[in-house]
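One file, start-v9.cif, carrying mmCIF, N, CA and C atoms; chains and numbers go by the auth columns:
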data_protein
loop_
_atom_site.group_PDB
_atom_site.id
_atom_site.type_symbol
_atom_site.label_atom_id
_atom_site.label_comp_id
_atom_site.label_asym_id
_atom_site.label_seq_id
_atom_site.Cartn_x
_atom_site.Cartn_y
_atom_site.Cartn_z
_atom_site.B_iso_or_equiv
_atom_site.auth_seq_id
_atom_site.auth_asym_id
ATOM 1 N N MET A 1 -5.046 40.160 29.315 0.00 1 A
ATOM 2 C CA MET A 1 -5.586 40.265 27.969 0.00 1 A
ATOM 3 C C MET A 1 -4.435 40.233 26.965 0.00 1 A
ATOM 4 N N PRO A 2 -3.943 39.054 26.613 0.00 2 A
ATOM 5 C CA PRO A 2 -2.857 38.962 25.645 0.00 2 A
ATOM 6 C C PRO A 2 -3.297 39.390 24.247 0.00 2 A
ATOM 7 N N TYR A 3 -2.355 39.995 23.555 0.00 3 A
ATOM 8 C CA TYR A 3 -2.543 40.369 22.154 0.00 3 A
ATOM 9 C C TYR A 3 -1.338 39.825 21.409 0.00 3 A
ATOM 10 N N VAL A 4 -1.581 38.988 20.410 0.00 4 A
ATOM 11 C CA VAL A 4 -0.518 38.397 19.610 0.00 4 A
ATOM 12 C C VAL A 4 -0.732 38.815 18.168 0.00 4 A
ATOM 13 N N ASN A 5 0.320 39.334 17.552 0.00 5 A
ATOM 14 C CA ASN A 5 0.264 39.743 16.148 0.00 5 A
ATOM 15 C C ASN A 5 1.180 38.827 15.348 0.00 5 A
ATOM 16 N N ILE A 6 0.600 38.092 14.406 0.00 6 A
ATOM 17 C CA ILE A 6 1.356 37.187 13.540 0.00 6 A
ATOM 18 C C ILE A 6 1.412 37.816 12.162 0.00 6 A
ATOM 19 N N ARG A 7 2.605 37.967 11.638 0.00 7 A
ATOM 20 C CA ARG A 7 2.768 38.543 10.298 0.00 7 A
ATOM 21 C C ARG A 7 3.329 37.470 9.374 0.00 7 A
ATOM 22 N N ILE A 8 2.631 37.277 8.271 0.00 8 A
ATOM 23 C CA ILE A 8 3.022 36.267 7.294 0.00 8 A
ATOM 24 C C ILE A 8 2.908 36.860 5.894 0.00 8 A
ATOM 25 N N THR A 9 3.572 36.228 4.949 0.00 9 A
ATOM 26 C CA THR A 9 3.364 36.601 3.558 0.00 9 A
ATOM 27 C C THR A 9 2.086 35.918 3.080 0.00 9 A
ATOM 28 N N PRO A 10 1.436 36.466 2.053 0.00 10 A
ATOM 29 C CA PRO A 10 0.188 35.884 1.563 0.00 10 A
ATOM 30 C C PRO A 10 0.363 34.438 1.101 0.00 10 A
ATOM 31 N N GLY A 11 -0.706 33.692 1.215 0.00 11 A
ATOM 32 C CA GLY A 11 -0.689 32.324 0.709 0.00 11 A
ATOM 33 C C GLY A 11 -1.301 31.309 1.659 0.00 11 A
ATOM 34 N N ALA A 12 -1.441 31.667 2.930 0.00 12 A
ATOM 35 C CA ALA A 12 -2.056 30.740 3.878 0.00 12 A
ATOM 36 C C ALA A 12 -3.553 30.647 3.602 0.00 12 A
ATOM 37 N N THR A 13 -4.082 29.469 3.745 0.00 13 A
ATOM 38 C CA THR A 13 -5.517 29.281 3.571 0.00 13 A
ATOM 39 C C THR A 13 -6.250 29.761 4.822 0.00 13 A
ATOM 40 N N GLN A 14 -7.557 29.915 4.712 0.00 14 A
ATOM 41 C CA GLN A 14 -8.351 30.292 5.871 0.00 14 A
ATOM 42 C C GLN A 14 -8.242 29.234 6.967 0.00 14 A
ATOM 43 N N ALA A 15 -8.222 27.970 6.557 0.00 15 A
ATOM 44 C CA ALA A 15 -8.091 26.881 7.531 0.00 15 A
ATOM 45 C C ALA A 15 -6.761 26.977 8.281 0.00 15 A
ATOM 46 N N GLN A 16 -5.684 27.309 7.581 0.00 16 A
ATOM 47 C CA GLN A 16 -4.382 27.465 8.231 0.00 16 A
ATOM 48 C C GLN A 16 -4.385 28.634 9.205 0.00 16 A
ATOM 49 N N LYS A 17 -5.030 29.719 8.819 0.00 17 A
ATOM 50 C CA LYS A 17 -5.128 30.873 9.714 0.00 17 A
ATOM 51 C C LYS A 17 -5.934 30.524 10.957 0.00 17 A
ATOM 52 N N GLU A 18 -7.029 29.802 10.788 0.00 18 A
ATOM 53 C CA GLU A 18 -7.838 29.371 11.927 0.00 18 A
ATOM 54 C C GLU A 18 -7.016 28.493 12.868 0.00 18 A
ATOM 55 N N GLU A 19 -6.177 27.631 12.294 0.00 19 A
ATOM 56 C CA GLU A 19 -5.321 26.769 13.107 0.00 19 A
ATOM 57 C C GLU A 19 -4.283 27.587 13.872 0.00 19 A
ATOM 58 N N LEU A 20 -3.721 28.608 13.233 0.00 20 A
ATOM 59 C CA LEU A 20 -2.783 29.499 13.928 0.00 20 A
ATOM 60 C C LEU A 20 -3.458 30.205 15.095 0.00 20 A
ATOM 61 N N ILE A 21 -4.667 30.706 14.871 0.00 21 A
ATOM 62 C CA ILE A 21 -5.402 31.404 15.926 0.00 21 A
ATOM 63 C C ILE A 21 -5.700 30.458 17.087 0.00 21 A
ATOM 64 N N ALA A 22 -6.229 29.289 16.778 0.00 22 A
ATOM 65 C CA ALA A 22 -6.571 28.322 17.822 0.00 22 A
ATOM 66 C C ALA A 22 -5.328 27.846 18.564 0.00 22 A
ATOM 67 N N GLY A 23 -4.274 27.543 17.827 0.00 23 A
ATOM 68 C CA GLY A 23 -3.051 27.046 18.443 0.00 23 A
ATOM 69 C C GLY A 23 -2.370 28.079 19.316 0.00 23 A
ATOM 70 N N THR A 24 -2.346 29.315 18.859 0.00 24 A
ATOM 71 C CA THR A 24 -1.745 30.394 19.640 0.00 24 A
ATOM 72 C C THR A 24 -2.532 30.622 20.921 0.00 24 A
ATOM 73 N N THR A 25 -3.847 30.620 20.801 0.00 25 A
ATOM 74 C CA THR A 25 -4.708 30.805 21.969 0.00 25 A
ATOM 75 C C THR A 25 -4.499 29.676 22.974 0.00 25 A
ATOM 76 N N GLU A 26 -4.440 28.452 22.499 0.00 26 A
ATOM 77 C CA GLU A 26 -4.241 27.289 23.365 0.00 26 A
ATOM 78 C C GLU A 26 -2.877 27.354 24.048 0.00 26 A
ATOM 79 N N LEU A 27 -1.854 27.763 23.322 0.00 27 A
ATOM 80 C CA LEU A 27 -0.509 27.860 23.883 0.00 27 A
ATOM 81 C C LEU A 27 -0.458 28.859 25.038 0.00 27 A
ATOM 82 N N LEU A 28 -1.062 30.022 24.844 0.00 28 A
ATOM 83 C CA LEU A 28 -1.069 31.028 25.906 0.00 28 A
ATOM 84 C C LEU A 28 -1.872 30.558 27.114 0.00 28 A
ATOM 85 N N ALA A 29 -2.951 29.829 26.870 0.00 29 A
ATOM 86 C CA ALA A 29 -3.740 29.296 27.979 0.00 29 A
ATOM 87 C C ALA A 29 -2.940 28.247 28.752 0.00 29 A
ATOM 88 N N ARG A 30 -2.252 27.374 28.042 0.00 30 A
ATOM 89 C CA ARG A 30 -1.514 26.279 28.668 0.00 30 A
ATOM 90 C C ARG A 30 -0.257 26.755 29.379 0.00 30 A
ATOM 91 N N VAL A 31 0.517 27.611 28.712 0.00 31 A
ATOM 92 C CA VAL A 31 1.812 28.015 29.259 0.00 31 A
ATOM 93 C C VAL A 31 1.687 29.157 30.267 0.00 31 A
ATOM 94 N N LEU A 32 0.829 30.131 29.982 0.00 32 A
ATOM 95 C CA LEU A 32 0.738 31.319 30.832 0.00 32 A
ATOM 96 C C LEU A 32 -0.572 31.410 31.607 0.00 32 A
ATOM 97 N N ASN A 33 -1.415 30.378 31.465 0.00 33 A
ATOM 98 C CA ASN A 33 -2.705 30.365 32.149 0.00 33 A
ATOM 99 C C ASN A 33 -3.568 31.577 31.789 0.00 33 A
ATOM 100 N N LYS A 34 -3.516 31.979 30.514 0.00 34 A
ATOM 101 C CA LYS A 34 -4.311 33.115 30.043 0.00 34 A
ATOM 102 C C LYS A 34 -5.703 32.650 29.623 0.00 34 A
ATOM 103 N N ASN A 35 -6.670 33.493 29.838 0.00 35 A
ATOM 104 C CA ASN A 35 -8.055 33.187 29.507 0.00 35 A
ATOM 105 C C ASN A 35 -8.265 33.272 27.989 0.00 35 A
ATOM 106 N N PRO A 36 -8.640 32.179 27.339 0.00 36 A
ATOM 107 C CA PRO A 36 -8.879 32.222 25.891 0.00 36 A
ATOM 108 C C PRO A 36 -9.925 33.255 25.473 0.00 36 A
ATOM 109 N N ALA A 37 -10.890 33.529 26.334 0.00 37 A
ATOM 110 C CA ALA A 37 -11.952 34.479 25.998 0.00 37 A
ATOM 111 C C ALA A 37 -11.450 35.908 25.877 0.00 37 A
ATOM 112 N N THR A 38 -10.277 36.176 26.448 0.00 38 A
ATOM 113 C CA THR A 38 -9.718 37.531 26.370 0.00 38 A
ATOM 114 C C THR A 38 -8.368 37.552 25.676 0.00 38 A
ATOM 115 N N THR A 39 -8.081 36.514 24.895 0.00 39 A
ATOM 116 C CA THR A 39 -6.839 36.440 24.125 0.00 39 A
ATOM 117 C C THR A 39 -7.129 36.842 22.679 0.00 39 A
ATOM 118 N N PHE A 40 -6.396 37.835 22.207 0.00 40 A
ATOM 119 C CA PHE A 40 -6.587 38.347 20.846 0.00 40 A
ATOM 120 C C PHE A 40 -5.425 37.900 19.970 0.00 40 A
ATOM 121 N N VAL A 41 -5.739 37.357 18.807 0.00 41 A
ATOM 122 C CA VAL A 41 -4.728 36.961 17.831 0.00 41 A
ATOM 123 C C VAL A 41 -5.081 37.637 16.515 0.00 41 A
ATOM 124 N N VAL A 42 -4.134 38.400 15.982 0.00 42 A
ATOM 125 C CA VAL A 42 -4.337 39.114 14.722 0.00 42 A
ATOM 126 C C VAL A 42 -3.311 38.606 13.720 0.00 42 A
ATOM 127 N N ILE A 43 -3.770 38.280 12.529 0.00 43 A
ATOM 128 C CA ILE A 43 -2.865 37.843 11.457 0.00 43 A
ATOM 129 C C ILE A 43 -2.828 38.929 10.397 0.00 43 A
ATOM 130 N N ASP A 44 -1.640 39.442 10.147 0.00 44 A
ATOM 131 C CA ASP A 44 -1.425 40.425 9.077 0.00 44 A
ATOM 132 C C ASP A 44 -0.690 39.741 7.940 0.00 44 A
ATOM 133 N N GLU A 45 -1.203 39.926 6.744 0.00 45 A
ATOM 134 C CA GLU A 45 -0.514 39.430 5.556 0.00 45 A
ATOM 135 C C GLU A 45 0.263 40.582 4.940 0.00 45 A
ATOM 136 N N VAL A 46 1.562 40.405 4.836 0.00 46 A
ATOM 137 C CA VAL A 46 2.443 41.436 4.310 0.00 46 A
ATOM 138 C C VAL A 46 2.921 40.994 2.927 0.00 46 A
ATOM 139 N N GLU A 47 2.644 41.821 1.939 0.00 47 A
ATOM 140 C CA GLU A 47 3.070 41.492 0.573 0.00 47 A
ATOM 141 C C GLU A 47 4.584 41.335 0.526 0.00 47 A
ATOM 142 N N ARG A 48 5.049 40.448 -0.327 0.00 48 A
ATOM 143 C CA ARG A 48 6.476 40.148 -0.418 0.00 48 A
ATOM 144 C C ARG A 48 7.294 41.381 -0.818 0.00 48 A
ATOM 145 N N GLU A 49 6.663 42.321 -1.506 0.00 49 A
ATOM 146 C CA GLU A 49 7.347 43.553 -1.893 0.00 49 A
ATOM 147 C C GLU A 49 7.596 44.455 -0.687 0.00 49 A
ATOM 148 N N HIS A 50 6.860 44.219 0.395 0.00 50 A
ATOM 149 C CA HIS A 50 6.930 45.070 1.576 0.00 50 A
ATOM 150 C C HIS A 50 7.675 44.406 2.727 0.00 50 A
ATOM 151 N N TRP A 51 8.305 43.274 2.465 0.00 51 A
ATOM 152 C CA TRP A 51 8.996 42.518 3.510 0.00 51 A
ATOM 153 C C TRP A 51 10.428 42.317 3.039 0.00 51 A
ATOM 154 N N GLY A 52 11.375 42.820 3.826 0.00 52 A
ATOM 155 C CA GLY A 52 12.768 42.731 3.416 0.00 52 A
ATOM 156 C C GLY A 52 13.615 41.916 4.365 0.00 52 A
ATOM 157 N N VAL A 53 14.632 41.312 3.816 0.00 53 A
ATOM 158 C CA VAL A 53 15.626 40.580 4.595 0.00 53 A
ATOM 159 C C VAL A 53 16.942 40.631 3.828 0.00 53 A
ATOM 160 N N GLY A 54 18.022 40.825 4.525 0.00 54 A
ATOM 161 C CA GLY A 54 19.333 40.863 3.867 0.00 54 A
ATOM 162 C C GLY A 54 19.485 42.006 2.895 0.00 54 A
ATOM 163 N N GLY A 55 18.758 43.097 3.099 0.00 55 A
ATOM 164 C CA GLY A 55 18.895 44.262 2.245 0.00 55 A
ATOM 165 C C GLY A 55 18.040 44.264 0.984 0.00 55 A
ATOM 166 N N ALA A 56 17.152 43.274 0.854 0.00 56 A
ATOM 167 C CA ALA A 56 16.303 43.221 -0.347 0.00 56 A
ATOM 168 C C ALA A 56 14.917 42.729 0.044 0.00 56 A
ATOM 169 N N SER A 57 13.921 43.146 -0.741 0.00 57 A
ATOM 170 C CA SER A 57 12.576 42.646 -0.495 0.00 57 A
ATOM 171 C C SER A 57 12.512 41.160 -0.874 0.00 57 A
ATOM 172 N N LEU A 58 11.539 40.473 -0.294 0.00 58 A
ATOM 173 C CA LEU A 58 11.377 39.075 -0.655 0.00 58 A
ATOM 174 C C LEU A 58 11.029 38.932 -2.124 0.00 58 A
ATOM 175 N N ALA A 59 10.278 39.876 -2.660 0.00 59 A
ATOM 176 C CA ALA A 59 9.930 39.832 -4.083 0.00 59 A
ATOM 177 C C ALA A 59 11.175 39.913 -4.955 0.00 59 A
ATOM 178 N N ALA A 60 12.110 40.803 -4.591 0.00 60 A
ATOM 179 C CA ALA A 60 13.356 40.931 -5.345 0.00 60 A
ATOM 180 C C ALA A 60 14.186 39.663 -5.223 0.00 60 A
ATOM 181 N N ARG A 61 14.222 39.097 -4.017 0.00 61 A
ATOM 182 C CA ARG A 61 14.963 37.842 -3.811 0.00 61 A
ATOM 183 C C ARG A 61 14.357 36.696 -4.609 0.00 61 A
ATOM 184 N N ASP A 62 13.004 36.714 -4.761 0.00 62 A
ATOM 185 C CA ASP A 62 12.341 35.671 -5.538 0.00 62 A
ATOM 186 C C ASP A 62 12.810 35.685 -6.991 0.00 62 A
ATOM 187 N N LYS A 63 13.085 36.897 -7.498 0.00 63 A
ATOM 188 C CA LYS A 63 13.502 37.043 -8.892 0.00 63 A
ATOM 189 C C LYS A 63 14.953 36.653 -9.094 0.00 63 A
ATOM 190 N N GLY A 64 15.692 36.541 -8.006 0.00 64 A
ATOM 191 C CA GLY A 64 17.077 36.084 -8.064 0.00 64 A
ATOM 192 C C GLY A 64 18.000 37.215 -8.288 0.00 64 A
#

Spit out the file's structure as structure tokens when you get a sec.
Amino acid sequence: MPYVNIRITPGATQAQKEELIAGTTELLARVLNKNPATTFVVIDEVEREHWGVGGASLAARDKG
């Protein structure tokens, strides 16, 4: 029963999220022979203010 958690910043469309879910499920089935019916994919959207890299939030980096 694989569980995959994908974290992205906001902005992906519903269609893009559906493609991520389907593609991730297919990849696990193909590479690891996992059953798609028991594969869980969760997408979390993390606000840019709550995601940091290089010592600063992405929101702060956006402002330059």

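Note that the spacing between atom C of Ile8 (chain A) and atom N of Thr24 (chain A) amounts to 15.9 Å.
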
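Considering only chain A, backbone DSSP assigns strand (DSSP E) to Tyr3, Val4, Asn5, Ile6, Arg7, Ile8, Phe40, Val41, Val42, Ile43, Asp44, Glu45, Gly52, Val53, Ala56 and Ser57 of chain A.
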
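Using only N, CA and C atoms for every distance, the candidate list A:Ile21, A:Met1, A:Ala15, A:Ile6 yields A:Ile6 as the residue closest to Asp44 (chain A).
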
Quiz item: Could you work out how far atom C of Ala22 (chain A) lies from CA of Lys34 (chain A), giving the answer in Å with one decimal?
Solution: 12.7 Å

Self-check item: Picked from chain A by DSSP as alpha helix (DSSP H), as number ranges by chain
Solution: A: 14-32, 58-63

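Between CA of Arg61 (chain A) and CA of Ile43 (chain A) lies a distance of 23.5 Å.
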
Need a file for region 22-33 of chain A from that block: all heavy atoms, written as a compact mmCIF listing (two decimals), in the first residue's frame.
# COMPACT_ATOMS: atom_id res chain seq x y z
N ALA A 22 -2.33 10.38 -11.53
CA ALA A 22 -2.34 9.25 -12.47
C ALA A 22 -0.93 8.81 -12.82
O ALA A 22 -0.63 7.61 -12.83
CB ALA A 22 -3.11 9.63 -13.74
N GLY A 23 -0.05 9.76 -13.08
CA GLY A 23 1.32 9.43 -13.46
C GLY A 23 2.10 8.78 -12.34
O GLY A 23 2.86 7.83 -12.57
N THR A 24 1.91 9.27 -11.13
CA THR A 24 2.59 8.68 -9.97
C THR A 24 2.11 7.26 -9.74
O THR A 24 2.90 6.34 -9.48
CB THR A 24 2.36 9.55 -8.72
OG1 THR A 24 2.86 10.86 -8.97
CG2 THR A 24 3.06 8.97 -7.51
N THR A 25 0.80 7.07 -9.84
CA THR A 25 0.22 5.74 -9.66
C THR A 25 0.75 4.77 -10.72
O THR A 25 1.15 3.65 -10.41
CB THR A 25 -1.31 5.81 -9.70
OG1 THR A 25 -1.76 6.70 -8.68
CG2 THR A 25 -1.94 4.46 -9.52
N GLU A 26 0.79 5.21 -11.96
CA GLU A 26 1.28 4.38 -13.06
C GLU A 26 2.76 4.04 -12.86
O GLU A 26 3.17 2.89 -13.10
CB GLU A 26 1.07 5.10 -14.39
CG GLU A 26 1.42 4.28 -15.62
CD GLU A 26 2.90 4.27 -15.96
OE1 GLU A 26 3.59 5.28 -15.73
OE2 GLU A 26 3.38 3.23 -16.45
N LEU A 27 3.55 5.00 -12.42
CA LEU A 27 4.97 4.77 -12.20
C LEU A 27 5.21 3.69 -11.15
O LEU A 27 6.03 2.78 -11.34
CB LEU A 27 5.65 6.08 -11.79
CG LEU A 27 7.15 6.01 -11.51
CD1 LEU A 27 7.91 5.71 -12.80
CD2 LEU A 27 7.62 7.31 -10.90
N LEU A 28 4.49 3.77 -10.04
CA LEU A 28 4.64 2.77 -8.98
C LEU A 28 4.18 1.40 -9.45
O LEU A 28 4.79 0.37 -9.10
CB LEU A 28 3.88 3.20 -7.73
CG LEU A 28 4.53 4.36 -6.97
CD1 LEU A 28 3.59 4.88 -5.90
CD2 LEU A 28 5.83 3.93 -6.36
N ALA A 29 3.14 1.36 -10.27
CA ALA A 29 2.67 0.08 -10.80
C ALA A 29 3.71 -0.52 -11.75
O ALA A 29 4.02 -1.71 -11.68
CB ALA A 29 1.34 0.26 -11.52
N ARG A 30 4.28 0.30 -12.60
CA ARG A 30 5.23 -0.17 -13.61
C ARG A 30 6.58 -0.55 -13.01
O ARG A 30 7.12 -1.61 -13.30
CB ARG A 30 5.42 0.91 -14.69
CG ARG A 30 6.37 0.52 -15.81
CD ARG A 30 6.37 1.52 -16.96
NE ARG A 30 6.44 2.90 -16.54
CZ ARG A 30 7.57 3.57 -16.28
NH1 ARG A 30 8.73 2.96 -16.35
NH2 ARG A 30 7.53 4.85 -15.93
N VAL A 31 7.11 0.31 -12.14
CA VAL A 31 8.46 0.10 -11.62
C VAL A 31 8.48 -0.88 -10.44
O VAL A 31 9.36 -1.73 -10.34
CB VAL A 31 9.10 1.45 -11.21
CG1 VAL A 31 10.44 1.24 -10.54
CG2 VAL A 31 9.25 2.34 -12.44
N LEU A 32 7.50 -0.77 -9.54
CA LEU A 32 7.51 -1.58 -8.32
C LEU A 32 6.41 -2.64 -8.29
O LEU A 32 6.25 -3.32 -7.28
CB LEU A 32 7.40 -0.67 -7.09
CG LEU A 32 8.53 0.33 -6.89
CD1 LEU A 32 8.24 1.20 -5.67
CD2 LEU A 32 9.86 -0.37 -6.75
N ASN A 33 5.65 -2.73 -9.38
CA ASN A 33 4.56 -3.70 -9.45
C ASN A 33 3.54 -3.51 -8.32
O ASN A 33 3.02 -4.47 -7.76
CB ASN A 33 5.09 -5.13 -9.46
CG ASN A 33 4.08 -6.12 -9.99
OD1 ASN A 33 3.29 -5.79 -10.86
ND2 ASN A 33 4.11 -7.32 -9.46
